[in-house]
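What's in upload_27.pdb: PDB, C-alpha atoms, pLDDT in the B column
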```pdb
ATOM      1  CA  MET A   1     -66.372 -22.514 -53.629  1.00 78.00           C
ATOM      2  CA  GLU A   2     -68.519 -20.000 -55.489  1.00 84.00           C
ATOM      3  CA  LEU A   3     -66.439 -17.308 -57.225  1.00 85.00           C
ATOM      4  CA  ILE A   4     -68.102 -14.088 -58.403  1.00 85.00           C
ATOM      5  CA  VAL A   5     -66.120 -11.540 -60.446  1.00 88.00           C
ATOM      6  CA  ARG A   6     -67.599  -8.059 -60.845  1.00 86.00           C
ATOM      7  CA  SER A   7     -66.263  -5.021 -62.625  1.00 85.00           C
ATOM      8  CA  ARG A   8     -67.299  -1.432 -61.994  1.00 77.00           C
ATOM      9  CA  THR A   9     -65.614   0.021 -65.068  1.00 75.00           C
ATOM     10  CA  GLY A  10     -66.235  -2.480 -67.838  1.00 77.00           C
ATOM     11  CA  LYS A  11     -65.868  -6.128 -68.653  1.00 82.00           C
ATOM     12  CA  VAL A  12     -63.122  -8.296 -67.202  1.00 82.00           C
ATOM     13  CA  SER A  13     -61.250 -10.105 -69.968  1.00 83.00           C
ATOM     14  CA  ASP A  14     -61.316 -13.900 -70.136  1.00 85.00           C
ATOM     15  CA  ARG A  15     -57.565 -13.982 -69.521  1.00 89.00           C
ATOM     16  CA  HIS A  16     -57.945 -11.956 -66.317  1.00 87.00           C
ATOM     17  CA  GLN A  17     -60.952 -14.014 -65.172  1.00 87.00           C
ATOM     18  CA  THR A  18     -58.982 -17.225 -65.652  1.00 89.00           C
ATOM     19  CA  TYR A  19     -56.040 -15.755 -63.718  1.00 90.00           C
ATOM     20  CA  ILE A  20     -58.316 -14.628 -60.876  1.00 88.00           C
ATOM     21  CA  LYS A  21     -59.952 -18.071 -60.654  1.00 89.00           C
ATOM     22  CA  GLU A  22     -56.581 -19.841 -60.595  1.00 89.00           C
ATOM     23  CA  LYS A  23     -54.975 -17.490 -58.074  1.00 89.00           C
ATOM     24  CA  LEU A  24     -57.892 -17.281 -55.631  1.00 86.00           C
ATOM     25  CA  GLY A  25     -58.776 -20.953 -56.094  1.00 85.00           C
ATOM     26  CA  LYS A  26     -55.489 -21.757 -54.369  1.00 85.00           C
ATOM     27  CA  LEU A  27     -56.840 -20.229 -51.149  1.00 82.00           C
ATOM     28  CA  GLU A  28     -58.869 -23.426 -50.629  1.00 81.00           C
ATOM     29  CA  ARG A  29     -55.568 -25.136 -49.830  1.00 80.00           C
ATOM     30  CA  TYR A  30     -55.290 -22.983 -46.725  1.00 79.00           C
ATOM     31  CA  LEU A  31     -58.961 -22.945 -45.677  1.00 78.00           C
ATOM     32  CA  ASP A  32     -61.278 -25.603 -47.073  1.00 74.00           C
ATOM     33  CA  THR A  33     -64.456 -24.097 -45.616  1.00 78.00           C
ATOM     34  CA  ILE A  34     -64.645 -21.176 -48.086  1.00 83.00           C
ATOM     35  CA  SER A  35     -68.170 -20.946 -49.463  1.00 80.00           C
ATOM     36  CA  LYS A  36     -68.099 -17.729 -51.507  1.00 86.00           C
ATOM     37  CA  VAL A  37     -65.474 -15.367 -52.911  1.00 88.00           C
ATOM     38  CA  THR A  38     -66.530 -12.029 -54.408  1.00 88.00           C
ATOM     39  CA  VAL A  39     -63.969 -10.151 -56.495  1.00 89.00           C
ATOM     40  CA  GLU A  40     -64.634  -6.545 -57.404  1.00 90.00           C
ATOM     41  CA  VAL A  41     -62.348  -5.059 -60.051  1.00 89.00           C
ATOM     42  CA  ALA A  42     -62.164  -1.416 -61.123  1.00 87.00           C
ATOM     43  CA  GLU A  43     -59.845   0.763 -63.160  1.00 84.00           C
ATOM     44  CA  GLU A  44     -59.299   4.222 -61.717  1.00 80.00           C
ATOM     45  CA  GLN A  45     -57.651   7.205 -63.318  1.00 77.00           C
ATOM     46  CA  ARG A  46     -55.170   9.107 -61.170  1.00 72.00           C
ATOM     47  CA  ARG A  47     -53.409  12.353 -61.976  1.00 70.00           C
ATOM     48  CA  THR A  48     -50.000  11.116 -60.922  1.00 70.00           C
ATOM     49  CA  ASP A  49     -50.193   7.356 -61.490  1.00 63.00           C
ATOM     50  CA  ASN A  50     -52.134   7.284 -64.793  1.00 77.00           C
ATOM     51  CA  ASN A  51     -54.503   4.288 -64.648  1.00 82.00           C
ATOM     52  CA  VAL A  52     -54.588   2.211 -61.488  1.00 86.00           C
ATOM     53  CA  HIS A  53     -56.348  -1.135 -61.144  1.00 86.00           C
ATOM     54  CA  ARG A  54     -58.155  -1.823 -57.876  1.00 87.00           C
ATOM     55  CA  ALA A  55     -58.995  -5.348 -56.729  1.00 89.00           C
ATOM     56  CA  GLN A  56     -61.196  -5.925 -53.687  1.00 90.00           C
ATOM     57  CA  VAL A  57     -61.848  -9.508 -52.576  1.00 90.00           C
ATOM     58  CA  THR A  58     -64.375 -10.564 -49.939  1.00 89.00           C
ATOM     59  CA  LEU A  59     -64.125 -14.145 -48.721  1.00 87.00           C
ATOM     60  CA  VAL A  60     -67.037 -15.775 -46.874  1.00 86.00           C
ATOM     61  CA  GLY A  61     -66.527 -19.095 -45.132  1.00 81.00           C
ATOM     62  CA  ASP A  62     -68.270 -21.495 -42.832  1.00 76.00           C
ATOM     63  CA  HIS A  63     -68.347 -20.919 -39.066  1.00 70.00           C
ATOM     64  CA  GLY A  64     -68.897 -17.190 -39.594  1.00 71.00           C
ATOM     65  CA  ILE A  65     -65.592 -16.164 -41.146  1.00 79.00           C
ATOM     66  CA  LEU A  66     -65.485 -13.039 -43.318  1.00 85.00           C
ATOM     67  CA  LEU A  67     -62.183 -11.763 -44.690  1.00 87.00           C
ATOM     68  CA  ARG A  68     -61.578  -8.820 -47.006  1.00 89.00           C
ATOM     69  CA  ALA A  69     -58.533  -7.423 -48.781  1.00 89.00           C
ATOM     70  CA  GLU A  70     -58.082  -4.575 -51.236  1.00 90.00           C
ATOM     71  CA  GLN A  71     -55.125  -3.520 -53.345  1.00 89.00           C
ATOM     72  CA  ARG A  72     -54.339  -0.931 -56.024  1.00 88.00           C
ATOM     73  CA  ALA A  73     -51.614  -1.510 -58.609  1.00 87.00           C
ATOM     74  CA  ALA A  74     -50.628  -0.465 -62.120  1.00 86.00           C
ATOM     75  CA  ASP A  75     -51.457  -3.969 -63.378  1.00 87.00           C
ATOM     76  CA  LEU A  76     -54.531  -6.038 -62.464  1.00 87.00           C
ATOM     77  CA  THR A  77     -52.529  -9.258 -62.088  1.00 89.00           C
ATOM     78  CA  THR A  78     -50.187  -7.557 -59.610  1.00 91.00           C
ATOM     79  CA  ALA A  79     -53.160  -6.325 -57.575  1.00 90.00           C
ATOM     80  CA  ILE A  80     -54.659  -9.855 -57.556  1.00 91.00           C
ATOM     81  CA  ASP A  81     -51.302 -11.341 -56.473  1.00 92.00           C
ATOM     82  CA  VAL A  82     -50.989  -8.956 -53.523  1.00 92.00           C
ATOM     83  CA  VAL A  83     -54.638  -9.438 -52.491  1.00 92.00           C
ATOM     84  CA  SER A  84     -54.195 -13.212 -52.610  1.00 91.00           C
ATOM     85  CA  ASP A  85     -51.083 -12.981 -50.407  1.00 91.00           C
ATOM     86  CA  ASN A  86     -52.921 -10.707 -47.952  1.00 90.00           C
ATOM     87  CA  LEU A  87     -55.850 -13.124 -47.740  1.00 89.00           C
ATOM     88  CA  GLN A  88     -53.477 -16.030 -47.250  1.00 89.00           C
ATOM     89  CA  ARG A  89     -51.922 -14.222 -44.259  1.00 88.00           C
ATOM     90  CA  GLN A  90     -55.380 -13.396 -42.863  1.00 87.00           C
ATOM     91  CA  ILE A  91     -56.429 -17.042 -43.188  1.00 83.00           C
ATOM     92  CA  GLN A  92     -53.275 -18.145 -41.386  1.00 84.00           C
ATOM     93  CA  ARG A  93     -53.907 -15.626 -38.595  1.00 83.00           C
ATOM     94  CA  TYR A  94     -57.525 -16.807 -38.313  1.00 79.00           C
ATOM     95  CA  LYS A  95     -56.507 -20.463 -38.163  1.00 77.00           C
ATOM     96  CA  ASP A  96     -53.786 -19.770 -35.581  1.00 76.00           C
ATOM     97  CA  LYS A  97     -56.303 -17.977 -33.403  1.00 73.00           C
ATOM     98  CA  HIS A  98     -59.347 -20.225 -33.753  1.00 66.00           C
ATOM     99  CA  TRP A  99     -58.282 -23.763 -34.542  1.00 60.00           C
ATOM    100  CA  ARG A 100     -56.982 -26.093 -31.884  1.00 52.00           C
ATOM    101  CA  ARG A 101     -56.034 -29.705 -32.718  1.00 45.00           C
ATOM    102  CA  GLY A 102     -58.015 -29.588 -35.951  1.00 50.00           C
ATOM    103  CA  LYS A 103     -61.278 -28.517 -34.316  1.00 49.00           C
ATOM    104  CA  LEU A 104     -62.877 -25.113 -34.190  1.00 48.00           C
ATOM    105  CA  ARG A 105     -62.904 -23.790 -30.633  1.00 46.00           C
ATOM    106  CA  ARG A 106     -66.283 -22.104 -30.964  1.00 46.00           C
ATOM    107  CA  GLN A 107     -69.094 -23.511 -33.073  1.00 42.00           C
ATOM    108  CA  GLY A 108     -71.752 -20.856 -32.377  1.00 45.00           C
ATOM    109  CA  GLY A 109     -72.100 -17.316 -33.648  1.00 48.00           C
ATOM    110  CA  GLU A 110     -72.265 -15.983 -37.143  1.00 42.00           C
ATOM    111  CA  ILE A 111     -71.234 -12.758 -38.842  1.00 38.00           C
ATOM    112  CA  ILE A 112     -72.594 -10.100 -41.167  1.00 35.00           C
ATOM    113  CA  GLU A 113     -71.793 -10.229 -44.842  1.00 35.00           C
ATOM    114  CA  ALA A 114     -71.181  -6.771 -46.271  1.00 34.00           C
ATOM    115  CA  GLN A 115     -71.707  -6.313 -49.991  1.00 37.00           C
ATOM    116  CA  PRO A 116     -71.059  -2.903 -51.458  1.00 41.00           C
ATOM    117  CA  GLU A 117     -73.773  -1.540 -53.720  1.00 40.00           C
ATOM    118  CA  THR A 118     -72.458   1.779 -54.990  1.00 43.00           C
ATOM    119  CA  SER A 119     -69.252   3.702 -54.721  1.00 44.00           C
ATOM    120  CA  GLY A 120     -68.075   7.165 -55.604  1.00 45.00           C
ATOM    121  CA  MET A 121     -66.428  10.331 -54.356  1.00 46.00           C
ATOM    122  CA  ALA A 122     -68.350  13.472 -53.487  1.00 42.00           C
ATOM    123  CA  GLU A 123     -67.261  16.197 -55.899  1.00 47.00           C
ATOM    124  CA  ASP A 124     -68.615  19.104 -53.862  1.00 47.00           C
ATOM    125  CA  THR A 125     -67.440  18.958 -50.250  1.00 49.00           C
ATOM    126  CA  ARG A 126     -69.556  21.972 -49.260  1.00 63.00           C
ATOM    127  CA  ASN A 127     -72.743  19.933 -49.670  1.00 70.00           C
ATOM    128  CA  PRO A 128     -72.012  16.479 -48.247  1.00 78.00           C
ATOM    129  CA  ARG A 129     -74.189  13.676 -49.497  1.00 79.00           C
ATOM    130  CA  ILE A 130     -74.426   9.914 -49.243  1.00 79.00           C
ATOM    131  CA  VAL A 131     -72.057   8.427 -51.811  1.00 78.00           C
ATOM    132  CA  ARG A 132     -71.919   4.803 -50.686  1.00 77.00           C
ATOM    133  CA  THR A 133     -74.537   2.431 -49.352  1.00 80.00           C
ATOM    134  CA  LYS A 134     -73.880  -0.985 -47.887  1.00 78.00           C
ATOM    135  CA  GLU A 135     -76.450  -3.674 -47.300  1.00 79.00           C
ATOM    136  CA  PHE A 136     -75.686  -6.675 -45.136  1.00 78.00           C
ATOM    137  CA  GLN A 137     -77.328  -9.482 -43.262  1.00 79.00           C
ATOM    138  CA  VAL A 138     -77.250  -9.092 -39.509  1.00 83.00           C
ATOM    139  CA  LYS A 139     -76.723 -12.440 -37.829  1.00 82.00           C
ATOM    140  CA  PRO A 140     -76.612 -13.065 -34.070  1.00 90.00           C
ATOM    141  CA  MET A 141     -73.240 -13.188 -32.288  1.00 90.00           C
ATOM    142  CA  PHE A 142     -71.713 -12.362 -28.947  1.00 91.00           C
ATOM    143  CA  SER A 143     -69.636  -9.227 -28.376  1.00 89.00           C
ATOM    144  CA  ASP A 144     -66.320 -11.117 -28.191  1.00 89.00           C
ATOM    145  CA  GLU A 145     -67.037 -12.657 -31.597  1.00 89.00           C
ATOM    146  CA  ALA A 146     -67.863  -9.181 -32.929  1.00 90.00           C
ATOM    147  CA  VAL A 147     -64.502  -7.873 -31.670  1.00 90.00           C
ATOM    148  CA  GLU A 148     -62.682 -10.716 -33.433  1.00 88.00           C
ATOM    149  CA  GLN A 149     -64.627 -10.131 -36.663  1.00 87.00           C
ATOM    150  CA  MET A 150     -63.967  -6.381 -36.559  1.00 87.00           C
ATOM    151  CA  GLU A 151     -60.246  -7.050 -36.114  1.00 86.00           C
ATOM    152  CA  LEU A 152     -60.234  -9.533 -39.013  1.00 84.00           C
ATOM    153  CA  LEU A 153     -61.900  -6.946 -41.261  1.00 83.00           C
ATOM    154  CA  GLY A 154     -59.635  -4.136 -40.070  1.00 82.00           C
ATOM    155  CA  HIS A 155     -62.575  -1.778 -39.432  1.00 86.00           C
ATOM    156  CA  ASP A 156     -63.041   0.800 -36.673  1.00 89.00           C
ATOM    157  CA  PHE A 157     -66.663  -0.161 -36.026  1.00 89.00           C
ATOM    158  CA  PHE A 158     -68.902  -3.203 -36.432  1.00 90.00           C
ATOM    159  CA  VAL A 159     -72.703  -3.606 -36.431  1.00 92.00           C
ATOM    160  CA  PHE A 160     -74.121  -6.901 -35.135  1.00 92.00           C
ATOM    161  CA  ARG A 161     -77.158  -8.472 -33.467  1.00 92.00           C
ATOM    162  CA  ASP A 162     -76.460  -9.529 -29.882  1.00 92.00           C
ATOM    163  CA  ALA A 163     -77.111 -13.272 -29.551  1.00 90.00           C
ATOM    164  CA  SER A 164     -78.453 -13.014 -26.005  1.00 90.00           C
ATOM    165  CA  THR A 165     -80.758  -9.978 -26.354  1.00 91.00           C
ATOM    166  CA  SER A 166     -81.477 -10.000 -30.126  1.00 89.00           C
ATOM    167  CA  GLU A 167     -80.826  -6.225 -30.185  1.00 92.00           C
ATOM    168  CA  ILE A 168     -78.728  -4.455 -32.817  1.00 93.00           C
ATOM    169  CA  ASN A 169     -75.460  -3.242 -31.240  1.00 94.00           C
ATOM    170  CA  VAL A 170     -72.550  -1.186 -32.548  1.00 94.00           C
ATOM    171  CA  LEU A 171     -69.013  -2.026 -31.499  1.00 93.00           C
ATOM    172  CA  TYR A 172     -66.324   0.625 -32.055  1.00 93.00           C
ATOM    173  CA  ARG A 173     -62.632   1.161 -31.419  1.00 91.00           C
ATOM    174  CA  ARG A 174     -61.858   4.015 -29.013  1.00 89.00           C
ATOM    175  CA  GLU A 175     -58.881   6.359 -29.368  1.00 85.00           C
ATOM    176  CA  ASP A 176     -57.215   4.753 -26.331  1.00 87.00           C
ATOM    177  CA  GLY A 177     -57.204   1.363 -28.130  1.00 84.00           C
ATOM    178  CA  ASN A 178     -60.059  -0.166 -26.119  1.00 90.00           C
ATOM    179  CA  TYR A 179     -63.534  -0.913 -27.442  1.00 92.00           C
ATOM    180  CA  GLY A 180     -66.883   0.741 -26.924  1.00 93.00           C
ATOM    181  CA  LEU A 181     -70.299  -0.869 -27.302  1.00 93.00           C
ATOM    182  CA  ILE A 182     -73.448   1.065 -28.210  1.00 92.00           C
ATOM    183  CA  VAL A 183     -76.570  -0.724 -26.991  1.00 91.00           C
ATOM    184  CA  PRO A 184     -80.062   0.625 -27.820  1.00 86.00           C
TER     185      PRO A 184
END
```

Can you turn what I pasted into structure tokens?
Amino acid sequence: MELIVRSRTGKVSDRHQTYIKEKLGKLERYLDTISKVTVEVAEEQRRTDNNVHRAQVTLVGDHGILLRAEQRAADLTTAIDVVSDNLQRQIQRYKDKHWRRGKLRRQGGEIIEAQPETSGMAEDTRNPRIVRTKEFQVKPMFSDEAVEQMELLGHDFFVFRDASTSEINVLYRREDGNYGLIVP
């Protein structure tokens, strides 16, 4: 398992890096097909809460699994603990849904891997501007796999390449709870 620790607001101390590696390394007990874990750490200043530590973890595994969890807390170790617990629950939910008698039900289909580049808040709301850009690899999958991946990520929309037509499609959650699919 490759573990990458990034910080947006400075350097992560050796003590915190060791703690992150130990805590997130335990996730391999629950899912042994984890290939890459990216941890993004930031310290944010809030008016009411003083300094708040934010930990965002993206887990990439074999068979097209992509899980993400984010948590804010007064202490970085607390944020890492909660994120680890959230990922453990997501892994359990994934395994309950996809594994049957020790074998993966579906072998085909892959997912997109989203990696944030920049982040920030627009200070002037009168002149909206792009404040965050994401780059990701678009891999072929079927629409049912895209629905499952969108649910695992907890997003309201999902961009993917249709495996049968090789066209880029957008899947979104409608207000009535159903899904919509935008096909070019």

I'd like the neighbourhood of Gly180 of chain A as a list in words, where a residue qualifies if any of its atoms comes within 10 Å (using only C-alpha atoms), though same-chain residues fewer than 3 positions away should be ignored. Phe157, Val170, Leu171, Tyr172, Arg173, Arg174, Gly177 and Val183 of chain A

Those selected residues, please, written with C-alpha atoms and delivered as a CSV table (one decimal), in the coordinates of the input.
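This is the output file again16.csv:
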```csv
chain,number,residue,atom,x,y,z
A,157,PHE,CA,-66.7,-0.2,-36.0
A,170,VAL,CA,-72.6,-1.2,-32.5
A,171,LEU,CA,-69.0,-2.0,-31.5
A,172,TYR,CA,-66.3,0.6,-32.1
A,173,ARG,CA,-62.6,1.2,-31.4
A,174,ARG,CA,-61.9,4.0,-29.0
A,177,GLY,CA,-57.2,1.4,-28.1
A,183,VAL,CA,-76.6,-0.7,-27.0
```

Please provide as JSON, numbers by chain all residues within 8 Å of Ile91 of chain A, with the sequence filter that same-chain residues fewer than 5 positions apart are discarded (counting only C-alpha atoms). {"A": [30, 31, 67]}

Given all atoms listed in the file as the counted atoms, nearest of A:Lys21, A:Arg89, A:His53, A:His63 to Ile34 of chain A: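 Of all the options, A:His63 lies closest to Ile34 of chain A.
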
For the file shown, what are the residues hit by the PyMOL selection byres ((chain A and resi 52) around 6), laid out as an MDAnalysis selection string? chainID A and resid 43:44 51 53 73:74

Chain and number of each residue from the PyMOL selection byres ((chain A and resi 57) around 6), as JSON, numbers by chain: {"A": [38, 39, 56, 58, 68, 69]}

With a distance cut-off of 12 Å and all atoms listed in the file, select the neighbouring residues of Tyr94 of chain A, excluding the residue or stretch itself and same-chain residues fewer than 2 positions from it, and output the selection as a PyMOL selection string. chain A and resi 30-31+61+63-67+87-92+96-100+104-105+148-149+151-153

Grab the residues selected above and save them as a short mmCIF file (atom, residue, chain, number, x, y, z; two decimals), in the frame of the given file with C-alpha atoms.
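Output below, filename selection35.cif:
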```
data_model
loop_
_atom_site.label_atom_id
_atom_site.label_comp_id
_atom_site.auth_asym_id
_atom_site.auth_seq_id
_atom_site.Cartn_x
_atom_site.Cartn_y
_atom_site.Cartn_z
CA TYR A 30 -55.29 -22.98 -46.72
CA LEU A 31 -58.96 -22.94 -45.68
CA GLY A 61 -66.53 -19.10 -45.13
CA HIS A 63 -68.35 -20.92 -39.07
CA GLY A 64 -68.90 -17.19 -39.59
CA ILE A 65 -65.59 -16.16 -41.15
CA LEU A 66 -65.48 -13.04 -43.32
CA LEU A 67 -62.18 -11.76 -44.69
CA LEU A 87 -55.85 -13.12 -47.74
CA GLN A 88 -53.48 -16.03 -47.25
CA ARG A 89 -51.92 -14.22 -44.26
CA GLN A 90 -55.38 -13.40 -42.86
CA ILE A 91 -56.43 -17.04 -43.19
CA GLN A 92 -53.28 -18.14 -41.39
CA ASP A 96 -53.79 -19.77 -35.58
CA LYS A 97 -56.30 -17.98 -33.40
CA HIS A 98 -59.35 -20.23 -33.75
CA TRP A 99 -58.28 -23.76 -34.54
CA ARG A 100 -56.98 -26.09 -31.88
CA LEU A 104 -62.88 -25.11 -34.19
CA ARG A 105 -62.90 -23.79 -30.63
CA GLU A 148 -62.68 -10.72 -33.43
CA GLN A 149 -64.63 -10.13 -36.66
CA GLU A 151 -60.25 -7.05 -36.11
CA LEU A 152 -60.23 -9.53 -39.01
CA LEU A 153 -61.90 -6.95 -41.26
#
```

Report the distance between atom CA of His155 of chain A and atom CA of Leu3 of chain A in Å, rounded to one decimal place.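 According to the coordinates, atom CA of His155 of chain A and atom CA of Leu3 of chain A are separated by 23.9 Å.
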
Could you write out as a list in words the residues that the PyMOL selection byres ((chain A and resi 23) around 12) matches in the shown file?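 So the PyMOL selection byres ((chain A and resi 23) around 12), applied here, picks out Leu3, His16, Gln17, Thr18, Tyr19, Ile20, Lys21, Glu22, Leu24, Gly25, Lys26, Leu27, Glu28, Arg29, Val37, Val39, Val57, Thr77, Thr78, Ala79, Ile80, Asp81, Val82, Val83, Ser84, Asp85, Leu87 and Gln88 of chain A.
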
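Note that atom CA of Glu145 of chain A and atom CA of Phe158 of chain A are 10.8 Å apart.
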
For the contact check between segment 160-182 of chain A and segment 132-139 of chain A, emit one row per residue of segment 160-182 of chain A within 10 Å, containing the shortest atom pair and the distance in Å rounded to one decimal, counting only C-alpha atoms, chain then rising number order, as a tab-separated table.
```
residue	atom	partner	partner_atom	distance
A:Phe160	CA	A:Val138	CA	5.8
A:Arg161	CA	A:Lys139	CA	5.9
A:Asp162	CA	A:Lys139	CA	8.5
A:Ala163	CA	A:Lys139	CA	8.3
A:Ser166	CA	A:Lys139	CA	9.4
A:Ile168	CA	A:Val138	CA	8.3
```

One decimal, Å: what's the distance from atom CA of Gly10 of chain A over to atom CA of Ser35 of chain A, could you say? 26.1 Å

Val41 of chain A: which residues within 7 Å, counting only C-alpha atoms, same-chain residues fewer than 5 positions away excluded, as a list in words?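 The residues that qualify are Arg6, Ser7, Arg8, Arg54, Ala55 and Gln56 of chain A.
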
Between A:Val131, A:Tyr179, A:Thr165, A:Val5, which one has atoms that come closest to Asp144 of chain A, using only C-alpha atoms? A:Tyr179

I'd like the box whose edges run along x, y and z of the file and which contains every listed atom of segment 165-171 of chain A, padded by 6 Å per side; could you state its centre and edge lengths in Å, one decimal, as JSON?
```
{"center_x": -75.2, "center_y": -5.6, "center_z": -29.6, "size_x": 24.5, "size_y": 20.8, "size_z": 18.5}
```
